[in-house]
$ cat work.txt   # compact mmCIF, C-alpha atoms and all ligand atoms
# COMPACT_ATOMS: atom_id res chain seq x y z
CA MET A 1 -47.04 -1.94 -23.68
CA VAL A 2 -50.79 -2.05 -23.32
CA ARG A 3 -52.35 -4.97 -25.15
CA VAL A 4 -56.09 -5.49 -24.77
CA ARG A 5 -58.55 -7.78 -26.40
CA ILE A 6 -62.17 -8.57 -26.87
CA ALA A 7 -63.14 -12.20 -27.00
CA PRO A 8 -66.59 -12.29 -28.57
CA SER A 9 -68.38 -15.61 -28.85
CA PRO A 10 -70.17 -16.01 -32.18
CA THR A 11 -73.38 -16.93 -30.41
CA GLY A 12 -75.50 -13.95 -31.44
CA ILE A 13 -75.45 -10.50 -32.98
CA PRO A 14 -73.55 -8.07 -30.72
CA HIS A 15 -75.73 -5.74 -28.67
CA ILE A 16 -74.93 -2.46 -27.05
CA GLY A 17 -73.30 -4.17 -24.04
CA ASN A 18 -70.61 -6.16 -25.76
CA THR A 19 -70.09 -3.43 -28.32
CA ARG A 20 -69.45 -0.94 -25.54
CA THR A 21 -66.91 -3.38 -24.08
CA ALA A 22 -65.20 -3.48 -27.47
CA PHE A 23 -65.24 0.30 -27.67
CA PHE A 24 -63.75 0.80 -24.20
CA ASN A 25 -60.99 -1.66 -25.04
CA TYR A 26 -60.37 0.22 -28.25
CA LEU A 27 -60.37 3.62 -26.55
CA PHE A 28 -57.93 2.38 -23.94
CA ALA A 29 -55.61 0.87 -26.55
CA LYS A 30 -55.64 4.04 -28.65
CA HIS A 31 -55.19 6.30 -25.66
CA THR A 32 -52.13 4.36 -24.51
CA GLU A 33 -50.83 3.70 -28.04
CA GLY A 34 -51.22 0.02 -27.35
CA LYS A 35 -52.71 -2.80 -29.37
CA PHE A 36 -56.29 -3.96 -29.68
CA ILE A 37 -56.91 -7.61 -30.45
CA VAL A 38 -60.02 -9.46 -31.58
CA ARG A 39 -60.16 -13.09 -30.59
CA ILE A 40 -63.14 -15.10 -31.69
CA GLU A 41 -64.14 -17.47 -28.90
CA ASP A 42 -65.74 -20.31 -30.80
CA THR A 43 -64.82 -23.18 -28.53
CA ASP A 44 -68.39 -23.89 -27.54
CA GLN A 45 -69.22 -25.30 -30.94
CA GLY A 46 -72.79 -26.20 -30.08
CA ARG A 47 -73.70 -22.60 -29.40
CA ILE A 48 -72.33 -21.08 -32.60
CA VAL A 49 -74.95 -19.09 -34.49
CA PRO A 50 -74.52 -18.86 -38.27
CA GLY A 51 -73.77 -15.32 -39.33
CA ALA A 52 -72.77 -14.14 -35.87
CA LYS A 53 -69.05 -13.99 -36.61
CA LYS A 54 -69.71 -11.98 -39.75
CA ALA A 55 -71.95 -9.62 -37.78
CA ILE A 56 -69.23 -9.06 -35.17
CA PHE A 57 -66.81 -7.85 -37.83
CA GLU A 58 -69.50 -5.93 -39.71
CA ILE A 59 -70.28 -3.94 -36.57
CA LEU A 60 -66.63 -3.25 -35.75
CA ASN A 61 -66.03 -2.15 -39.34
CA TRP A 62 -69.11 0.04 -39.45
CA LEU A 63 -68.14 1.79 -36.25
CA GLY A 64 -64.51 2.11 -37.29
CA ILE A 65 -63.29 0.16 -34.26
CA SER A 66 -60.21 -1.20 -35.99
CA TRP A 67 -58.09 -4.01 -34.58
CA ASP A 68 -54.42 -4.86 -34.83
CA GLU A 69 -54.48 -8.65 -34.54
CA GLU A 70 -57.12 -11.30 -35.05
CA TYR A 71 -57.33 -14.88 -33.74
CA VAL A 72 -59.83 -17.71 -33.84
CA GLN A 73 -59.73 -20.13 -30.94
CA SER A 74 -60.98 -23.17 -32.82
CA GLU A 75 -57.77 -22.97 -34.87
CA ARG A 76 -55.69 -23.22 -31.70
CA LYS A 77 -57.07 -26.46 -30.24
CA ASN A 78 -53.67 -28.13 -29.91
CA ILE A 79 -52.26 -25.30 -27.85
CA TYR A 80 -54.96 -25.68 -25.21
CA LYS A 81 -54.64 -29.46 -25.19
CA GLU A 82 -50.90 -29.22 -24.56
CA HIS A 83 -51.51 -26.88 -21.67
CA ALA A 84 -54.12 -29.18 -20.15
CA GLU A 85 -51.65 -32.07 -20.41
CA ASP A 86 -49.01 -29.96 -18.76
CA LEU A 87 -51.30 -29.45 -15.77
CA ILE A 88 -52.05 -33.18 -15.64
CA ARG A 89 -48.32 -33.88 -15.54
CA LYS A 90 -47.95 -31.41 -12.68
CA LYS A 91 -50.84 -33.16 -10.92
CA MET A 92 -52.84 -29.98 -10.94
CA ALA A 93 -55.49 -31.43 -13.20
CA TYR A 94 -56.93 -34.88 -13.73
CA LYS A 95 -58.93 -36.86 -16.27
CA ASP A 96 -62.61 -37.33 -15.49
CA GLU A 97 -64.52 -39.48 -18.01
CA GLY A 98 -62.81 -38.08 -21.12
CA ALA A 99 -62.77 -34.49 -19.85
CA VAL A 100 -59.98 -32.82 -17.90
CA ARG A 101 -60.68 -31.08 -14.61
CA PHE A 102 -58.59 -28.57 -12.76
CA LYS A 103 -57.94 -29.45 -9.14
CA VAL A 104 -58.81 -26.52 -6.93
CA SER A 105 -56.64 -26.26 -3.86
CA THR A 106 -58.86 -25.18 -1.03
CA ASN A 107 -57.86 -23.07 1.93
CA ARG A 108 -56.83 -20.08 0.01
CA GLU A 109 -58.27 -16.79 -0.89
CA VAL A 110 -58.29 -15.64 -4.47
CA SER A 111 -58.27 -11.90 -4.91
CA TRP A 112 -57.40 -9.07 -7.22
CA VAL A 113 -57.74 -5.33 -7.31
CA ASP A 114 -60.20 -4.46 -10.02
CA ALA A 115 -59.26 -1.47 -12.14
CA ILE A 116 -62.90 -0.37 -12.17
CA GLY A 117 -63.45 1.40 -8.89
CA ASN A 118 -59.97 0.33 -7.75
CA LYS A 119 -61.49 -2.12 -5.32
CA LYS A 120 -60.31 -5.45 -3.99
CA VAL A 121 -62.44 -8.42 -4.98
CA SER A 122 -61.90 -11.69 -3.18
CA PHE A 123 -63.33 -15.17 -3.20
CA LYS A 124 -62.64 -18.13 -0.94
CA ALA A 125 -61.33 -21.02 -3.00
CA ASP A 126 -63.57 -23.39 -1.00
CA VAL A 127 -66.58 -22.19 -2.94
CA ILE A 128 -64.98 -23.14 -6.25
CA GLU A 129 -65.37 -26.72 -7.35
CA ASP A 130 -62.89 -28.60 -9.49
CA PHE A 131 -63.78 -27.31 -12.93
CA VAL A 132 -63.50 -28.66 -16.44
CA ILE A 133 -60.72 -27.16 -18.57
CA LEU A 134 -60.83 -29.52 -21.52
CA LYS A 135 -64.07 -31.07 -22.71
CA SER A 136 -64.43 -34.61 -24.01
CA ASP A 137 -64.82 -33.24 -27.54
CA GLY A 138 -61.25 -31.98 -27.31
CA PHE A 139 -62.23 -28.33 -27.12
CA PRO A 140 -61.10 -26.24 -24.17
CA THR A 141 -63.58 -24.54 -21.89
CA TYR A 142 -63.74 -20.77 -21.77
CA HIS A 143 -61.58 -20.70 -18.63
CA LEU A 144 -58.61 -22.56 -20.05
CA ALA A 145 -58.74 -21.01 -23.51
CA SER A 146 -59.05 -17.50 -22.24
CA VAL A 147 -56.21 -17.79 -19.70
CA VAL A 148 -53.85 -19.53 -22.13
CA ASP A 149 -54.55 -16.99 -24.84
CA ASP A 150 -54.41 -13.96 -22.61
CA HIS A 151 -51.00 -15.16 -21.50
CA LEU A 152 -49.64 -16.14 -24.91
CA MET A 153 -50.98 -12.97 -26.47
CA ASN A 154 -49.38 -10.84 -23.78
CA ILE A 155 -52.63 -9.25 -22.74
CA SER A 156 -51.89 -6.56 -20.18
CA HIS A 157 -55.47 -5.62 -19.23
CA VAL A 158 -58.55 -7.81 -19.38
CA ILE A 159 -61.44 -5.39 -19.78
CA ARG A 160 -64.73 -7.24 -19.93
CA GLY A 161 -68.31 -7.19 -18.74
CA ASP A 162 -68.87 -7.93 -15.07
CA GLU A 163 -70.96 -11.00 -15.87
CA TRP A 164 -67.53 -12.68 -16.04
CA ILE A 165 -66.47 -11.65 -12.58
CA SER A 166 -67.30 -15.06 -11.11
CA SER A 167 -64.96 -16.69 -13.65
CA THR A 168 -62.01 -14.54 -12.68
CA PRO A 169 -61.08 -16.53 -9.52
CA LYS A 170 -60.83 -19.67 -11.66
CA HIS A 171 -58.63 -17.79 -14.08
CA ILE A 172 -56.39 -16.60 -11.28
CA LEU A 173 -56.01 -20.19 -10.05
CA LEU A 174 -54.97 -21.20 -13.56
CA TYR A 175 -52.44 -18.36 -13.87
CA ASP A 176 -50.92 -19.44 -10.60
CA ALA A 177 -50.87 -23.09 -11.60
CA PHE A 178 -48.99 -22.24 -14.78
CA GLY A 179 -46.75 -19.83 -12.89
CA TRP A 180 -47.69 -16.91 -15.09
CA ASP A 181 -48.06 -13.22 -14.32
CA LYS A 182 -51.65 -12.05 -14.24
CA PRO A 183 -53.06 -9.22 -16.30
CA ILE A 184 -54.92 -6.32 -14.72
CA PHE A 185 -58.62 -7.07 -14.53
CA ALA A 186 -61.27 -4.44 -15.22
CA HIS A 187 -64.88 -5.55 -15.01
CA LEU A 188 -67.36 -3.13 -16.58
CA SER A 189 -70.64 -2.79 -14.78
CA VAL A 190 -73.63 -4.15 -16.59
CA ILE A 191 -75.80 -1.66 -18.47
CA LEU A 192 -79.36 -1.33 -17.16
CA GLY A 193 -82.60 0.00 -18.63
CA THR A 194 -84.21 3.25 -17.48
CA ASP A 195 -86.21 1.32 -14.88
CA LYS A 196 -82.95 -0.12 -13.51
CA THR A 197 -83.79 -3.63 -14.62
CA LYS A 198 -81.81 -5.84 -16.96
CA LEU A 199 -81.53 -4.22 -20.36
CA SER A 200 -83.85 -5.72 -22.97
CA LYS A 201 -85.76 -4.97 -26.17
CA ARG A 202 -88.39 -3.29 -24.04
CA HIS A 203 -85.91 -0.51 -23.42
CA GLY A 204 -85.23 -0.11 -27.12
CA ALA A 205 -81.97 -2.00 -26.81
CA LYS A 206 -81.59 -3.92 -30.02
CA SER A 207 -78.66 -5.53 -31.73
CA VAL A 208 -76.22 -2.98 -33.04
CA LEU A 209 -77.08 -3.98 -36.61
CA ASP A 210 -80.70 -3.16 -35.86
CA LEU A 211 -79.67 0.23 -34.53
CA LYS A 212 -77.75 0.78 -37.75
CA ASN A 213 -80.82 -0.15 -39.78
CA ASP A 214 -82.89 2.22 -37.70
CA GLY A 215 -80.77 5.05 -39.02
CA TYR A 216 -78.49 5.87 -36.12
CA LEU A 217 -75.18 7.39 -37.11
CA LYS A 218 -72.00 5.67 -36.08
CA GLU A 219 -70.60 8.91 -34.64
CA ALA A 220 -73.64 9.29 -32.41
CA LEU A 221 -73.60 5.66 -31.33
CA LEU A 222 -69.91 5.83 -30.43
CA ASN A 223 -70.43 9.02 -28.49
CA PHE A 224 -73.41 7.50 -26.70
CA MET A 225 -71.61 4.25 -25.87
CA GLY A 226 -68.54 6.11 -24.71
CA LEU A 227 -70.58 7.87 -22.07
CA LEU A 228 -72.23 4.66 -20.87
CA GLY A 229 -70.28 4.42 -17.65
CA TRP A 230 -67.33 6.61 -18.53
CA ASN A 231 -67.23 10.14 -17.27
CA PRO A 232 -64.26 12.21 -18.33
CA GLY A 233 -65.30 15.03 -16.02
CA GLY A 234 -67.19 18.17 -16.94
CA ASP A 235 -70.57 18.09 -18.59
CA LYS A 236 -69.55 18.02 -22.18
CA GLU A 237 -71.75 15.45 -23.88
CA ILE A 238 -70.99 15.73 -27.56
CA MET A 239 -67.54 14.30 -28.12
CA ASN A 240 -65.97 12.93 -31.26
CA ILE A 241 -63.80 9.86 -31.32
CA LYS A 242 -60.54 11.82 -31.22
CA GLU A 243 -61.56 13.66 -28.07
CA MET A 244 -62.67 10.43 -26.45
CA ILE A 245 -59.37 8.72 -27.25
CA LYS A 246 -57.49 11.67 -25.83
CA LEU A 247 -59.37 11.63 -22.54
CA PHE A 248 -60.11 7.97 -21.94
CA ASP A 249 -58.89 6.50 -18.69
CA LEU A 250 -60.03 3.38 -16.82
CA LYS A 251 -60.02 5.28 -13.55
CA ASP A 252 -62.87 7.43 -14.86
CA VAL A 253 -65.08 4.43 -15.58
CA ASN A 254 -67.83 4.24 -12.97
CA ALA A 255 -68.36 1.19 -10.85
CA ALA A 256 -72.11 1.92 -10.80
CA SER A 257 -74.25 0.54 -13.59
CA PRO A 258 -74.87 2.96 -16.45
CA ILE A 259 -78.39 3.46 -17.72
CA PHE A 260 -79.30 2.93 -21.36
CA ASP A 261 -81.75 5.65 -22.33
CA ILE A 262 -82.85 5.41 -25.95
CA LYS A 263 -84.19 8.98 -25.72
CA LYS A 264 -80.70 10.20 -25.09
CA LEU A 265 -79.42 8.29 -28.09
CA ASP A 266 -82.21 9.83 -30.19
CA TRP A 267 -81.28 13.27 -28.96
CA MET A 268 -77.61 12.71 -29.64
CA ASN A 269 -78.29 11.34 -33.09
CA GLY A 270 -80.38 14.42 -33.84
CA GLU A 271 -77.50 16.63 -32.73
CA TYR A 272 -75.11 14.83 -35.07
CA LEU A 273 -77.59 15.18 -37.93
CA ARG A 274 -78.00 18.89 -37.30
CA ILE A 275 -74.29 19.63 -37.48
CA MET A 276 -73.78 17.53 -40.58
CA ASN A 277 -73.35 19.36 -43.87
CA ASN A 278 -75.84 18.60 -46.60
CA GLU A 279 -73.35 16.90 -48.90
CA ASN A 280 -72.50 14.35 -46.23
CA LEU A 281 -76.13 13.95 -45.33
CA LYS A 282 -77.03 13.29 -48.97
CA THR A 283 -74.32 10.65 -49.20
CA LEU A 284 -75.52 8.98 -46.02
CA LEU A 285 -79.15 9.07 -47.10
CA SER A 286 -78.32 7.61 -50.51
CA LYS A 287 -76.52 4.76 -48.79
CA PHE A 288 -79.23 4.25 -46.23
CA TYR A 289 -81.99 4.24 -48.85
CA ASP A 290 -80.03 2.46 -51.59
CA GLN A 291 -82.98 0.12 -52.20
CA ASP A 292 -85.60 2.86 -52.31
CA LYS A 293 -86.08 4.33 -55.78
CA ASN A 294 -88.42 7.08 -54.62
CA ILE A 295 -85.96 8.48 -52.13
CA LEU A 296 -83.02 8.11 -54.48
CA SER A 297 -84.77 10.16 -57.15
CA TYR A 298 -85.86 12.64 -54.50
CA LEU A 299 -82.24 13.12 -53.56
CA LYS A 300 -81.41 13.96 -57.14
CA SER A 301 -83.81 16.93 -57.27
CA ASP A 302 -82.77 20.52 -57.90
CA PRO A 303 -79.89 20.99 -55.42
CA LYS A 304 -80.99 24.39 -54.15
CA THR A 305 -84.49 23.30 -53.27
CA LEU A 306 -83.18 20.05 -51.84
CA ASP A 307 -80.72 21.96 -49.66
CA PHE A 308 -83.57 24.02 -48.32
CA ILE A 309 -85.52 20.87 -47.49
CA LEU A 310 -82.51 19.14 -45.94
CA ASP A 311 -81.74 22.13 -43.75
CA LEU A 312 -85.22 21.92 -42.35
CA ALA A 313 -85.43 18.15 -42.27
CA LYS A 314 -82.25 18.07 -40.18
CA THR A 315 -83.92 20.07 -37.44
CA ARG A 316 -86.85 17.67 -37.32
CA MET A 317 -85.45 14.19 -37.72
CA LYS A 318 -83.75 12.08 -35.10
CA THR A 319 -82.73 9.19 -37.33
CA LEU A 320 -82.16 8.60 -41.02
CA LYS A 321 -85.22 6.39 -40.97
CA GLU A 322 -87.40 9.35 -40.03
CA PHE A 323 -86.39 11.18 -43.21
CA LYS A 324 -88.76 9.01 -45.18
CA ASP A 325 -91.68 9.93 -42.96
CA LEU A 326 -90.88 13.58 -43.40
CA ILE A 327 -90.87 13.54 -47.16
CA LEU A 328 -93.06 10.62 -48.16
CA PRO A 329 -96.36 11.24 -46.45
CA LYS A 330 -99.34 9.07 -45.73
CA VAL A 331 -102.70 9.02 -47.49
CA PRO A 332 -105.15 11.01 -45.34
CA LYS A 333 -108.88 10.48 -44.83
CA LEU A 334 -110.77 13.59 -45.93
CA SER A 335 -114.16 14.97 -45.03
CA GLY A 336 -116.60 15.96 -47.79
CA GLU A 337 -115.66 19.59 -47.50
CA GLU A 338 -111.97 18.75 -47.59
CA LYS A 339 -112.56 16.73 -50.73
CA ASN A 340 -113.99 19.82 -52.43
CA ILE A 341 -110.90 21.73 -51.52
CA ALA A 342 -108.74 18.90 -52.80
CA GLU A 343 -110.58 19.06 -56.14
CA THR A 344 -109.99 22.77 -56.45
CA LEU A 345 -106.35 22.27 -55.56
CA PHE A 346 -106.05 19.57 -58.20
CA GLU A 347 -107.48 21.89 -60.85
CA LYS A 348 -105.24 24.79 -59.89
CA PHE A 349 -102.16 22.60 -59.81
CA SER A 350 -103.06 21.04 -63.18
CA THR A 351 -102.88 24.40 -64.90
CA ILE A 352 -99.39 25.22 -63.62
CA LYS A 353 -96.96 25.29 -66.54
CA ILE A 354 -93.69 25.94 -64.75
CA TRP A 355 -93.68 23.86 -61.62
CA ASN A 356 -91.71 25.60 -58.90
CA LYS A 357 -92.22 26.86 -55.41
CA MET A 358 -93.42 30.29 -56.59
CA THR A 359 -96.09 28.96 -58.92
CA ILE A 360 -97.10 26.32 -56.38
CA LEU A 361 -97.42 28.94 -53.68
CA SER A 362 -99.60 31.19 -55.80
CA ALA A 363 -101.86 28.26 -56.73
CA MET A 364 -102.19 27.42 -53.06
CA LYS A 365 -103.00 31.01 -52.23
CA GLY A 366 -105.67 31.00 -54.91
CA VAL A 367 -107.30 27.98 -53.33
CA LEU A 368 -107.11 29.44 -49.86
CA ASN A 369 -108.80 32.64 -51.09
CA THR A 370 -111.68 31.04 -52.93
CA GLN A 371 -112.32 28.33 -50.36
CA LYS A 372 -111.68 30.39 -47.23
CA THR A 373 -109.81 27.65 -45.51
CA LYS A 374 -106.67 27.15 -43.50
CA GLY A 375 -103.28 26.21 -44.93
CA SER A 376 -103.16 23.13 -42.76
CA ILE A 377 -105.92 21.56 -44.88
CA LEU A 378 -103.75 21.84 -47.99
CA TYR A 379 -101.03 20.26 -45.98
CA LYS A 380 -103.22 17.40 -45.01
CA ILE A 381 -104.43 16.86 -48.58
CA THR A 382 -100.99 16.65 -50.07
CA THR A 383 -99.06 15.02 -47.25
CA GLY A 384 -101.43 13.38 -44.83
CA PHE A 385 -99.84 15.34 -42.01
CA GLU A 386 -101.07 18.47 -40.27
CA LYS A 387 -97.68 20.12 -40.50
CA GLY A 388 -94.14 19.40 -41.58
CA LEU A 389 -91.62 20.69 -44.05
CA PRO A 390 -92.65 23.79 -46.08
CA LEU A 391 -95.14 22.71 -48.66
CA PRO A 392 -94.18 24.63 -51.84
CA GLU A 393 -90.58 23.43 -51.66
CA SER A 394 -91.60 19.88 -50.80
CA LEU A 395 -94.01 19.73 -53.71
CA GLU A 396 -91.52 21.27 -56.09
CA ILE A 397 -89.16 18.41 -55.34
CA LEU A 398 -91.92 15.86 -55.55
CA GLY A 399 -92.78 17.11 -59.04
CA LYS A 400 -96.06 18.02 -60.66
CA GLU A 401 -96.97 14.56 -61.84
CA LYS A 402 -96.46 12.90 -58.48
CA THR A 403 -98.23 15.69 -56.62
CA LEU A 404 -101.29 15.34 -58.84
CA GLU A 405 -101.17 11.60 -58.49
CA ARG A 406 -101.13 11.99 -54.76
CA ILE A 407 -104.17 14.29 -54.70
CA LYS A 408 -106.01 11.91 -57.03
CA LYS A 409 -105.30 9.07 -54.66
CA VAL A 410 -106.75 11.08 -51.80
CA LEU A 411 -109.87 11.83 -53.80
N1 LIG B 501 -66.65 -14.82 -24.73
C1 LIG B 501 -66.82 -13.88 -23.69
C2 LIG B 501 -67.82 -12.85 -24.16
O1 LIG B 501 -68.50 -13.13 -25.10
C3 LIG B 501 -65.51 -13.25 -23.36
C4 LIG B 501 -65.32 -12.91 -21.94
C5 LIG B 501 -63.94 -12.35 -21.72
O2 LIG B 501 -63.69 -11.26 -22.24
O3 LIG B 501 -63.12 -12.99 -21.10
O4 LIG B 501 -67.95 -11.79 -23.65

$ encode --input "work.txt" --output "structure tokens"
Amino acid sequence: MVRVRIAPSPTGIPHIGNTRTAFFNYLFAKHTEGKFIVRIEDTDQGRIVPGAKKAIFEILNWLGISWDEEYVQSERKNIYKEHAEDLIRKKMAYKDEGAVRFKVSTNREVSWVDAIGNKKVSFKADVIEDFVILKSDGFPTYHLASVVDDHLMNISHVIRGDEWISSTPKHILLYDAFGWDKPIFAHLSVILGTDKTKLSKRHGAKSVLDLKNDGYLKEALLNFMGLLGWNPGGDKEIMNIKEMIKLFDLKDVNAASPIFDIKKLDWMNGEYLRIMNNENLKTLLSKFYDQDKNILSYLKSDPKTLDFILDLAKTRMKTLKEFKDLILPKVPKLSGEEKNIAETLFEKFSTIKIWNKMTILSAMKGVLNTQKTKGSILYKITTGFEKGLPLPESLEILGKEKTLERIKKVL
């Protein structure tokens, strides 16, 4: 049975790289009807960042990457200690000033066939120094803890980022020392930015919680992450989680580094917004803007008019965050002539008794006729933008009072 795990260290908020690793593990487990395990690697106590563990689970929960078993390494200290002592007894490890070091036998080659690219990776043991497995504070190092746990937890495939590839020979030496079978190793190539350099904030790569707060949808993010290095064949780009689970296979994961292109994520997010029905969109927006009274009341406007606005907004926004810009405009700077027009508009709007798109439109037309000006000026006066969502509908939702307030502000 396939059993895979992620072993996040609570040393920071997960970014797109380690979240993709989690997702690939999850996809593989689901595809093979295996188990997916989360093991918190908190053995390096000095590097623990408050809130990081909570963020790890928040992200998994948000994305719906559910796990079957959960472990915390700091609760398993004794297990690692016993295993270190076992190696000391076998003379395969020795004490070194309070720490325990593994004795590396030279003259051998350490190799494995990596499931990514199906290629043999080998290291000469000579280049590996005797390494610490138990620190003087009684905590195990990553190497010991991860090997012991992967064995005891019956992990069949270790799928992790390729920044760990240089640790794998040490792990293999430990498996051999204990006399244990080794799992299959699959090292995922590191994600790069569009300029092929190490991914960073410059490329728009933020923590996954930041992406959530920027208004990306989980469906879009999963789809986007899935295609970061995995190519199921064909050029289908929009795939839901079920399709991805059905198709996922380690042999289709590229050995070459995938490129993180935020523009592609934006595009994909826009696609998911466009196909979303308005009810779901309203629910998402209410959640996203749950602290924003203006938007919440906006979302409670006359459903028909709101539907009209949402249908259009969906074609123009790439993230939930952009919704606000679409409907809550900026205060524009007006020229003298534009101010005159704004005054006329204010007067016409003031006299409207039944505030709806028809009456708003006819008031606007009246202004355009008397002032001989372009519609874009009215747009600018009321929204601060040159163009955007249809004005009469937008202003109907905004309400008479707020519209007048807005024009007054501009004046
Ligand atoms: N703690 C490591 C990480 O944060 C785990 C590496 C592994 O999966 O073995 O990625």

$ atom_distance --input "work.txt" --atom1 "atom CA of Arg406 of chain A" --atom2 "atom CA of Leu345 of chain A"
11.6 Å

$ closest_residue --input "work.txt" --among "A:Asn278, A:Thr382, A:Thr315, A:Thr168" --to "Trp112 of chain A" --atoms "all atoms listed in the file"
A:Thr168

$ closest_residue --input "work.txt" --among "A:Arg39, A:Lys30, A:Lys251, A:Lys400" --to "Ser74 of chain A" --atoms "all atoms listed in the file"
A:Arg39

$ closest_atom_pairs --input "work.txt" --of "chain A" --to "ligand LIG 501 (chain B)" --cutoff "8 Å" --atoms "all atoms listed in the file" --output "CSV"
residue,atom,partner,partner_atom,distance
A:Arg5,CA,B:LIG501,O2,7.5
A:Ile6,CA,B:LIG501,O2,5.6
A:Ala7,CA,B:LIG501,C3,4.5
A:Pro8,CA,B:LIG501,O1,4.0
A:Ser9,CA,B:LIG501,O1,4.5
A:Pro10,CA,B:LIG501,O1,7.8
A:Asn18,CA,B:LIG501,O4,6.6
A:Ile40,CA,B:LIG501,N1,7.8
A:Glu41,CA,B:LIG501,N1,5.5
A:Tyr142,CA,B:LIG501,N1,7.3
A:Ser146,CA,B:LIG501,O3,6.2
A:Val158,CA,B:LIG501,O2,6.8
A:Ile159,CA,B:LIG501,O2,6.8
A:Arg160,CA,B:LIG501,O2,4.8
A:Gly161,CA,B:LIG501,O4,6.7
A:Trp164,CA,B:LIG501,C4,6.3

$ closest_residue --input "work.txt" --among "A:Lys182, A:Lys282, A:Lys357, A:Lys287" --to "Thr305 of chain A" --atoms "all atoms listed in the file"
A:Lys357

$ closest_residue --input "work.txt" --among "A:Val4, A:Leu227, A:Ile191, A:Ala145" --to "His83 of chain A" --atoms "only C-alpha atoms"
A:Ala145

$ closest_residue --input "work.txt" --among "A:Asn213, A:Glu343, A:Lys333, A:Gly34" --to "Leu285 of chain A" --atoms "only C-alpha atoms"
A:Asn213

$ atom_distance --input "work.txt" --atom1 "atom CA of Ile65 of chain A" --atom2 "atom CA of Met239 of chain A"
16.0 Å

$ residues_around --input "work.txt" --residues "Ala55 of chain A" --least-positions-apart "2" --cutoff "9 Å" --atoms "only C-alpha atoms" --output "number ranges by chain"
A: 10, 12-14, 51-53, 57-60, 209

$ atom_distance --input "work.txt" --atom1 "atom CA of Asp114 of chain A" --atom2 "atom CA of Ile172 of chain A"
12.8 Å

$ residues_around --input "work.txt" --residues "Asn118 of chain A" --least-positions-apart "4" --cutoff "12 Å" --atoms "all atoms listed in the file" --output "PDB file with C-alpha atoms, in the coordinates of the input"
ATOM      1  CA  TRP A 112     -57.400  -9.070  -7.220  1.00  0.00           C
ATOM      2  CA  VAL A 113     -57.740  -5.330  -7.310  1.00  0.00           C
ATOM      3  CA  ASP A 114     -60.200  -4.460 -10.020  1.00  0.00           C
ATOM      4  CA  ILE A 184     -54.920  -6.320 -14.720  1.00  0.00           C
ATOM      5  CA  PHE A 185     -58.620  -7.070 -14.530  1.00  0.00           C
ATOM      6  CA  ALA A 186     -61.270  -4.440 -15.220  1.00  0.00           C
ATOM      7  CA  HIS A 187     -64.880  -5.550 -15.010  1.00  0.00           C
ATOM      8  CA  LEU A 250     -60.030   3.380 -16.820  1.00  0.00           C
ATOM      9  CA  LYS A 251     -60.020   5.280 -13.550  1.00  0.00           C
ATOM     10  CA  ASP A 252     -62.870   7.430 -14.860  1.00  0.00           C
ATOM     11  CA  VAL A 253     -65.080   4.430 -15.580  1.00  0.00           C
ATOM     12  CA  ASN A 254     -67.830   4.240 -12.970  1.00  0.00           C
ATOM     13  CA  ALA A 255     -68.360   1.190 -10.850  1.00  0.00           C
TER      14      ALA A 255
END

$ residues_around --input "work.txt" --residues "Val367 of chain A" --least-positions-apart "3" --cutoff "8 Å" --atoms "all atoms listed in the file" --output "ChimeraX atom specification"
/A:341,344-345,348,363-364,370-372

$ closest_residue --input "work.txt" --among "A:Ile88, A:Ile309, A:Leu328, A:Leu334" --to "Pro390 of chain A" --atoms "all atoms listed in the file"
A:Ile309

$ residues_around --input "work.txt" --residues "Ile259 of chain A" --least-positions-apart "5" --cutoff "9 Å" --atoms "all atoms listed in the file" --output "list in words"
Ile191, Leu192, Gly193, Thr194, Asp195, Lys196, Leu199, Leu228 and Gly229 of chain A

$ axis_aligned_box --input "work.txt" --around "segment 370-382 of chain A" --padding-each-side "6 Å" --output "AutoDock Vina command-line options"
--center_x -106.7 --center_y 23.8 --center_z -47.8 --size_x 23.3 --size_y 26.4 --size_z 22.2

$ decode --input "work.txt" --residues "segment 344-350 of chain A" --atoms "N, CA and C atoms" --output "PDB file, in the first residue's frame"
ATOM      1  N   THR A 344     -23.967  69.826 -12.559  1.00  0.00           N
ATOM      2  CA  THR A 344     -25.223  69.534 -13.266  1.00  0.00           C
ATOM      3  C   THR A 344     -25.691  68.120 -12.957  1.00  0.00           C
ATOM      4  N   LEU A 345     -24.739  67.200 -12.948  1.00  0.00           N
ATOM      5  CA  LEU A 345     -25.087  65.806 -12.672  1.00  0.00           C
ATOM      6  C   LEU A 345     -25.682  65.686 -11.261  1.00  0.00           C
ATOM      7  N   PHE A 346     -25.072  66.385 -10.337  1.00  0.00           N
ATOM      8  CA  PHE A 346     -25.551  66.354  -8.956  1.00  0.00           C
ATOM      9  C   PHE A 346     -27.003  66.825  -8.892  1.00  0.00           C
ATOM     10  N   GLU A 347     -27.266  67.955  -9.578  1.00  0.00           N
ATOM     11  CA  GLU A 347     -28.634  68.494  -9.571  1.00  0.00           C
ATOM     12  C   GLU A 347     -29.622  67.506 -10.172  1.00  0.00           C
ATOM     13  N   LYS A 348     -29.272  66.969 -11.329  1.00  0.00           N
ATOM     14  CA  LYS A 348     -30.176  66.020 -12.002  1.00  0.00           C
ATOM     15  C   LYS A 348     -30.436  64.799 -11.126  1.00  0.00           C
ATOM     16  N   PHE A 349     -29.364  64.283 -10.545  1.00  0.00           N
ATOM     17  CA  PHE A 349     -29.515  63.098  -9.701  1.00  0.00           C
ATOM     18  C   PHE A 349     -30.360  63.410  -8.467  1.00  0.00           C
ATOM     19  N   SER A 350     -30.199  64.639  -7.924  1.00  0.00           N
ATOM     20  CA  SER A 350     -30.933  64.999  -6.709  1.00  0.00           C
ATOM     21  C   SER A 350     -32.440  64.926  -6.911  1.00  0.00           C
TER      22      SER A 350
END
